[in-house]
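Before any comments, here is the structure.
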Amino acid sequence: MRVLGINALFHDPAAALVMDGRIVAAAEEERFSRRKHGKRPIPFSAWELPELSARWCLEQAGLTPAELDAVAYSYDPELARPANQLGLNDPWDHLRQEYARRAPEFLAEALPGLDPAKVRFVPHHVAHAASAGQASPYPDCAVLVLDGRGECGSHLAGRYANRELAVLGTQSLPDSLGLFYEELTQHLGFLRSSDEFKVMALASYGRPRFLERLREYVHLEGEGGFRARPVPWSSLVPTRPADAPWTQDHADAAASAQACLEEVLLGLAGWLHERTGEETLTLAGGVALNCVANTRLYRESPFQRIWVQPAAGDAGTALGAALHVAHQKETVEAMPTAALGRGWSDDELRAWLERAEVPYEEPADIADTVADELARDGIVAWFQGRSEYGPRALGHRSLLAHPGYAGNLERLNAVKGREEFRPVAPMVLAERAAELFDGPLPSPYMLFVHDVAAAWRDRIPAVVHVNGTARIQTVERDAEPLVARMIDGFERRTELPVVVNTSLNTAGRPMVDDPRDALECFGSSPVDLLALGPFAIRRKGMFA
């Protein structure tokens, strides 16, 4: 069965292709259009489809739209109700519903040859759940979905038995943990439905002194449910203009919201464990990108294992919708990797460089060349293999640096144009991780935080956050041999088994995806070396 999954309605439009139960391709529209998050999450943009990523998915498999058996759209307008009936202040939401109802004809126009009758609506939170429960390595597991909103809810709790979902609990709008966190994001001067991770980072600089007050508005309620109503944030801390410095009050508000969120998540996880008795909890929905909360679930919930969909936000519903529809006809396989996006052969990369008339080298081993540059404290743009599905750079589209110099945090944030309080991440071989970091292992998708061992904090200061933690990525040699060789080479030169890894982009721009993006980013940023496949492009050579 050939199923194309589509996420389009709210934000982070994406497409994914499942063929014969196997995940073939998945990518976010932003990587093609170069618009961060693909579009803003407003009703007036709901008609926009991930046309570029959908066409690429089909090209990757050599399919035409007419050859698809189904298109799975991750929203079911039949389940929706008017926004005012849901307690939401969204006067133009009816546009969103109209666009959803007409999605089959819009998709048929965007993908000529597609029969609109093949479009299947999948409930939004069911699509999220499938992106976790059906994509994970665990056919039997509990699943927890939390985000801003779906058709008329913000939460789903369930259980997968042999990849089959049983829904055990939901939460109706307007109560929403995702909207609770989004509202604070906006109040603190960040971009709503985009910058929630900045609030999580800022929380480490504060203390939860408003927690008791927040519990009046956000708390567990009923069997497997919660209450989360709008918080009068201005009565707690003043609004921060986007260009103003943050204050301790702002950090304390972030810390309070983070603590409140974690409390409710722990309660929901405890209830779900009582209902299912499963050892494994899988997570999806935008709230699942909160790696601090994920780690608290790992440490304090009754579950023995936590697995988080790497594209846990709405982009992941394209994959989940496709898996859900495919599973109705055939057995689906687990997600093998997050590297599901575009890639280029060495010959194609060489042609890009020659067409751009860029001077380049072809060393015997690009991993060793990069290790040498990093050991000399150079910054490296690393472009290898297929791009990642989801918001994390996982060793395919990364900026790399030396972790042994504390100043490299400020240096990288300056290169990327980011806020000074935001951390960068360590990349470490899975076999070495336990020596340096305490937390969920392995951690291949960078979705948890780990305590840095005391003996290592002064040795790798660039990757240690203000609270002594790091959001690590573990690397398996068999899965990522090139990255492993690079880390080995760096350790031979420095005696440090860790490399700084952050996403290959600048502030407000999507992650680099194709060779043109890589060259443009390299040309506009103070990066010393671009490792484009097996080729090395040096700043001194390019701008001599």
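All residue names refer to the structure tokens as shown: chains lettered A, B, ... in order, residues numbered from 1 in each chain, ligands numbered from 1 in order.
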
Each residue of segment 370-424 of chain A with at least one atom at most 8 Å from segment 337-350 of chain A should appear once, together with its nearest atom pair and the corresponding distance in Å (one decimal); atoms considered: only C-alpha atoms; ordering: chain, then increasing residue number; output as a tab-separated table.
residue	atom	partner	partner_atom	distance
A:Gln384	CA	A:Gly343	CA	7.9
A:Gly385	CA	A:Gly343	CA	5.3
A:Arg386	CA	A:Gly343	CA	4.1
A:Ser387	CA	A:Gly341	CA	4.6
A:Glu388	CA	A:Ala339	CA	4.4
A:Tyr389	CA	A:Ala338	CA	5.3
A:Gly390	CA	A:Ala338	CA	7.5
A:His396	CA	A:Ala339	CA	7.7

With N, CA and C atoms retained, could you export that selection as an mmCIF file, in the first residue's frame?
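The resulting file, result_33.cif, is shown below:
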data_model
loop_
_atom_site.group_PDB
_atom_site.id
_atom_site.type_symbol
_atom_site.label_atom_id
_atom_site.label_comp_id
_atom_site.auth_asym_id
_atom_site.auth_seq_id
_atom_site.Cartn_x
_atom_site.Cartn_y
_atom_site.Cartn_z
ATOM 1 N N GLN A 384 25.980 16.133 5.702
ATOM 2 C CA GLN A 384 26.240 14.745 5.340
ATOM 3 C C GLN A 384 24.934 13.954 5.256
ATOM 4 N N GLY A 385 24.812 13.115 4.256
ATOM 5 C CA GLY A 385 23.691 12.192 4.156
ATOM 6 C C GLY A 385 22.344 12.880 3.994
ATOM 7 N N ARG A 386 21.294 12.166 4.380
ATOM 8 C CA ARG A 386 19.936 12.681 4.266
ATOM 9 C C ARG A 386 19.607 13.583 5.449
ATOM 10 N N SER A 387 18.839 14.612 5.208
ATOM 11 C CA SER A 387 18.505 15.578 6.262
ATOM 12 C C SER A 387 17.543 14.969 7.275
ATOM 13 N N GLU A 388 17.526 15.571 8.456
ATOM 14 C CA GLU A 388 16.738 15.060 9.569
ATOM 15 C C GLU A 388 15.270 15.491 9.472
ATOM 16 N N TYR A 389 14.383 14.617 9.909
ATOM 17 C CA TYR A 389 12.960 14.916 10.048
ATOM 18 C C TYR A 389 12.743 15.352 11.493
ATOM 19 N N GLY A 390 12.265 16.572 11.675
ATOM 20 C CA GLY A 390 12.127 17.111 13.020
ATOM 21 C C GLY A 390 13.056 18.287 13.235
ATOM 22 N N HIS A 396 23.618 15.372 10.664
ATOM 23 C CA HIS A 396 23.510 15.418 9.211
ATOM 24 C C HIS A 396 23.522 16.859 8.692
#

Using only C-alpha atoms, which residues of segment 173-242 of chain A come within 9 Å of segment 253-269 of chain A, and what is the closest atom pair for each, with the distance in Å to one decimal? Give it as a tab-separated table, sorted by chain and residue number.
residue	atom	partner	partner_atom	distance
A:Leu177	CA	A:Leu261	CA	7.1
A:Phe180	CA	A:Ala257	CA	8.4
A:Tyr181	CA	A:Ala257	CA	7.2
A:Leu184	CA	A:Ala254	CA	7.7
A:Thr185	CA	A:Ala254	CA	8.6
A:Leu188	CA	A:Ala254	CA	8.6
A:Val199	CA	A:Ala254	CA	5.7
A:Met200	CA	A:Gln258	CA	6.7
A:Ala201	CA	A:Ala254	CA	8.6
A:Leu202	CA	A:Ala254	CA	6.4
A:Ala203	CA	A:Ala255	CA	4.0
A:Ser204	CA	A:Ala255	CA	6.6
A:Tyr205	CA	A:Ala255	CA	7.6
A:Gly206	CA	A:Ala255	CA	5.3
A:Arg207	CA	A:Ala255	CA	5.4
A:Pro208	CA	A:Ser256	CA	3.8
A:Arg209	CA	A:Ser256	CA	6.3
A:Phe210	CA	A:Ser256	CA	5.5
A:Leu211	CA	A:Ser256	CA	4.8
A:Glu212	CA	A:Ser256	CA	8.6
A:Leu214	CA	A:Cys260	CA	7.0
A:Arg215	CA	A:Cys260	CA	6.9
A:Val218	CA	A:Cys260	CA	7.2
A:His219	CA	A:Val264	CA	6.1
A:Leu220	CA	A:Val264	CA	5.9
A:Glu223	CA	A:Leu268	CA	8.9
A:Gly224	CA	A:Leu268	CA	5.7
A:Gly225	CA	A:Leu268	CA	7.2
A:Phe226	CA	A:Val264	CA	7.4
A:Trp233	CA	A:Ala253	CA	8.5
A:Leu236	CA	A:Ala253	CA	7.7
A:Val237	CA	A:Ala253	CA	7.2

Exercise for the section: Choose the residue, out of A:Glu196, A:Glu30, A:Glu480, A:Glu274, that has the smallest atom-to-atom separation from His11 of chain A; count only C-alpha atoms. Expected result: A:Glu30

With only C-alpha atoms as the counted atoms, please give the residues lying no more than 10 Å from Pro391 of chain A, apart from itself and same-chain residues fewer than 3 positions off, as a short mmCIF file (atom, residue, chain, number, x, y, z; two decimals) with N, CA and C atoms, in the first residue's frame.
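That gives us around.cif:
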data_model
loop_
_atom_site.label_atom_id
_atom_site.label_comp_id
_atom_site.auth_asym_id
_atom_site.auth_seq_id
_atom_site.Cartn_x
_atom_site.Cartn_y
_atom_site.Cartn_z
N GLU A 28 9.79 18.28 6.20
CA GLU A 28 9.00 19.48 6.45
C GLU A 28 9.08 20.44 5.27
N HIS A 37 9.09 27.21 9.86
CA HIS A 37 7.84 26.53 10.20
C HIS A 37 6.88 26.44 9.02
N LEU A 289 8.32 17.94 22.80
CA LEU A 289 9.63 18.51 22.47
C LEU A 289 10.28 19.18 23.68
N PRO A 310 10.93 11.96 17.15
CA PRO A 310 11.83 13.10 16.90
C PRO A 310 11.15 14.29 16.24
N ALA A 311 10.12 14.04 15.43
CA ALA A 311 9.32 15.13 14.87
C ALA A 311 8.01 15.17 15.65
N ALA A 312 8.11 15.47 16.94
CA ALA A 312 6.94 15.36 17.83
C ALA A 312 5.91 16.44 17.57
N GLY A 313 6.30 17.58 17.01
CA GLY A 313 5.35 18.64 16.71
C GLY A 313 4.43 18.25 15.56
N ALA A 315 4.56 18.59 12.44
CA ALA A 315 5.18 17.97 11.27
C ALA A 315 5.07 16.45 11.35
N GLU A 388 17.53 15.57 8.46
CA GLU A 388 16.74 15.06 9.57
C GLU A 388 15.27 15.49 9.47
N LEU A 394 20.98 16.22 14.00
CA LEU A 394 21.41 14.94 14.56
C LEU A 394 22.62 14.37 13.81
N TYR A 445 18.02 11.07 19.67
CA TYR A 445 17.25 12.14 19.05
C TYR A 445 17.30 13.45 19.82
N MET A 446 18.15 13.56 20.85
CA MET A 446 18.35 14.81 21.56
C MET A 446 17.05 15.33 22.18
N SER A 503 22.26 23.10 15.38
CA SER A 503 21.69 23.02 14.04
C SER A 503 22.38 23.96 13.07
N PRO A 510 15.10 28.27 8.54
CA PRO A 510 15.03 26.82 8.70
C PRO A 510 16.43 26.20 8.65
N MET A 511 16.53 24.98 9.14
CA MET A 511 17.80 24.28 9.05
C MET A 511 18.20 24.11 7.58
#

Exercise for the section: Using only C-alpha atoms, determine which residues lie at most 8 Å from Ile366 of chain A, disregarding the query and same-chain residues fewer than 5 positions distant; provide the list as number ranges by chain. Expected result: A: 531, 533-536

Exercise for the section: Among the residues of segment 163-386 of chain A, find those DSSP assigns to helix (DSSP H, G or I) from the backbone and print them as an NGL selection string. Expected result: :A and (177-187 or 196-203 or 211-214 or 233-235 or 248-276 or 286-289 or 291-300 or 316-327 or 346-355 or 366-375)

Handout entry: Which residue of A:Thr506, A:Ser45, A:Ser524, A:Thr331 approaches Arg163 of chain A most closely, using only C-alpha atoms
Key =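 Among the listed residues, A:Thr331 lies closest to Arg163 of chain A.
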
Problem - Among listed residues A:Leu429, A:Ile306, A:Ala251, A:Val145, nearest Arg485 of chain A (using only C-alpha atoms) - result: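 Closest to Arg485 of chain A, using only C-alpha atoms: A:Leu429.
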
Taking only residues of segment 494-529 of chain A that have an atom at most 12 Å from an atom of segment 456-470 of chain A, what is each one's shortest atom pair and its distance in Å to one decimal, using only C-alpha atoms, in chain and number order, as CSV?
residue,atom,partner,partner_atom,distance
A:Thr494,CA,A:Arg459,CA,10.5
A:Glu495,CA,A:Arg459,CA,9.8
A:Leu496,CA,A:Ile460,CA,7.9
A:Pro497,CA,A:Ile460,CA,9.6
A:Val498,CA,A:Ile460,CA,7.8
A:Val499,CA,A:Val463,CA,8.9
A:Val500,CA,A:Val463,CA,6.7
A:Asn501,CA,A:Val463,CA,9.0
A:Thr502,CA,A:Val463,CA,10.2

Closest contacts (segment 9-58 of chain A/segment 111-120 of chain A, max 9 Å, only C-alpha atoms) as JSON lines:
{"residue": "A:Glu51", "atom": "CA", "partner": "A:Leu111", "partner_atom": "CA", "distance": 7.6}
{"residue": "A:Ala54", "atom": "CA", "partner": "A:Leu111", "partner_atom": "CA", "distance": 8.4}
{"residue": "A:Arg55", "atom": "CA", "partner": "A:Leu111", "partner_atom": "CA", "distance": 7.5}

Can I get the selected residues back with N, CA, C and O atoms, as a PDB file, in the first residue's frame?
ATOM      1  N   GLU A  51       3.249  21.375  -0.727  1.00  0.00           N
ATOM      2  CA  GLU A  51       3.336  20.882  -2.102  1.00  0.00           C
ATOM      3  C   GLU A  51       4.745  20.423  -2.456  1.00  0.00           C
ATOM      4  O   GLU A  51       4.926  19.392  -3.115  1.00  0.00           O
ATOM      5  N   ALA A  54       5.693  17.205  -0.555  1.00  0.00           N
ATOM      6  CA  ALA A  54       4.884  16.088  -1.051  1.00  0.00           C
ATOM      7  C   ALA A  54       5.405  15.604  -2.398  1.00  0.00           C
ATOM      8  O   ALA A  54       5.539  14.388  -2.639  1.00  0.00           O
ATOM      9  N   ARG A  55       5.718  16.537  -3.286  1.00  0.00           N
ATOM     10  CA  ARG A  55       6.240  16.140  -4.601  1.00  0.00           C
ATOM     11  C   ARG A  55       7.585  15.443  -4.458  1.00  0.00           C
ATOM     12  O   ARG A  55       7.862  14.466  -5.164  1.00  0.00           O
TER      13      ARG A  55
END

Practice task
Name all residues at most 10 Å from Arg275 of chain A (count only C-alpha atoms; drop same-chain ones fewer than 4 positions away) and give them as a list in words.
Solution key: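 So the residues in contact are Ala142, Gly158, Arg159, Leu168, Gly224, Ala269, Gly270 and Trp271 of chain A.
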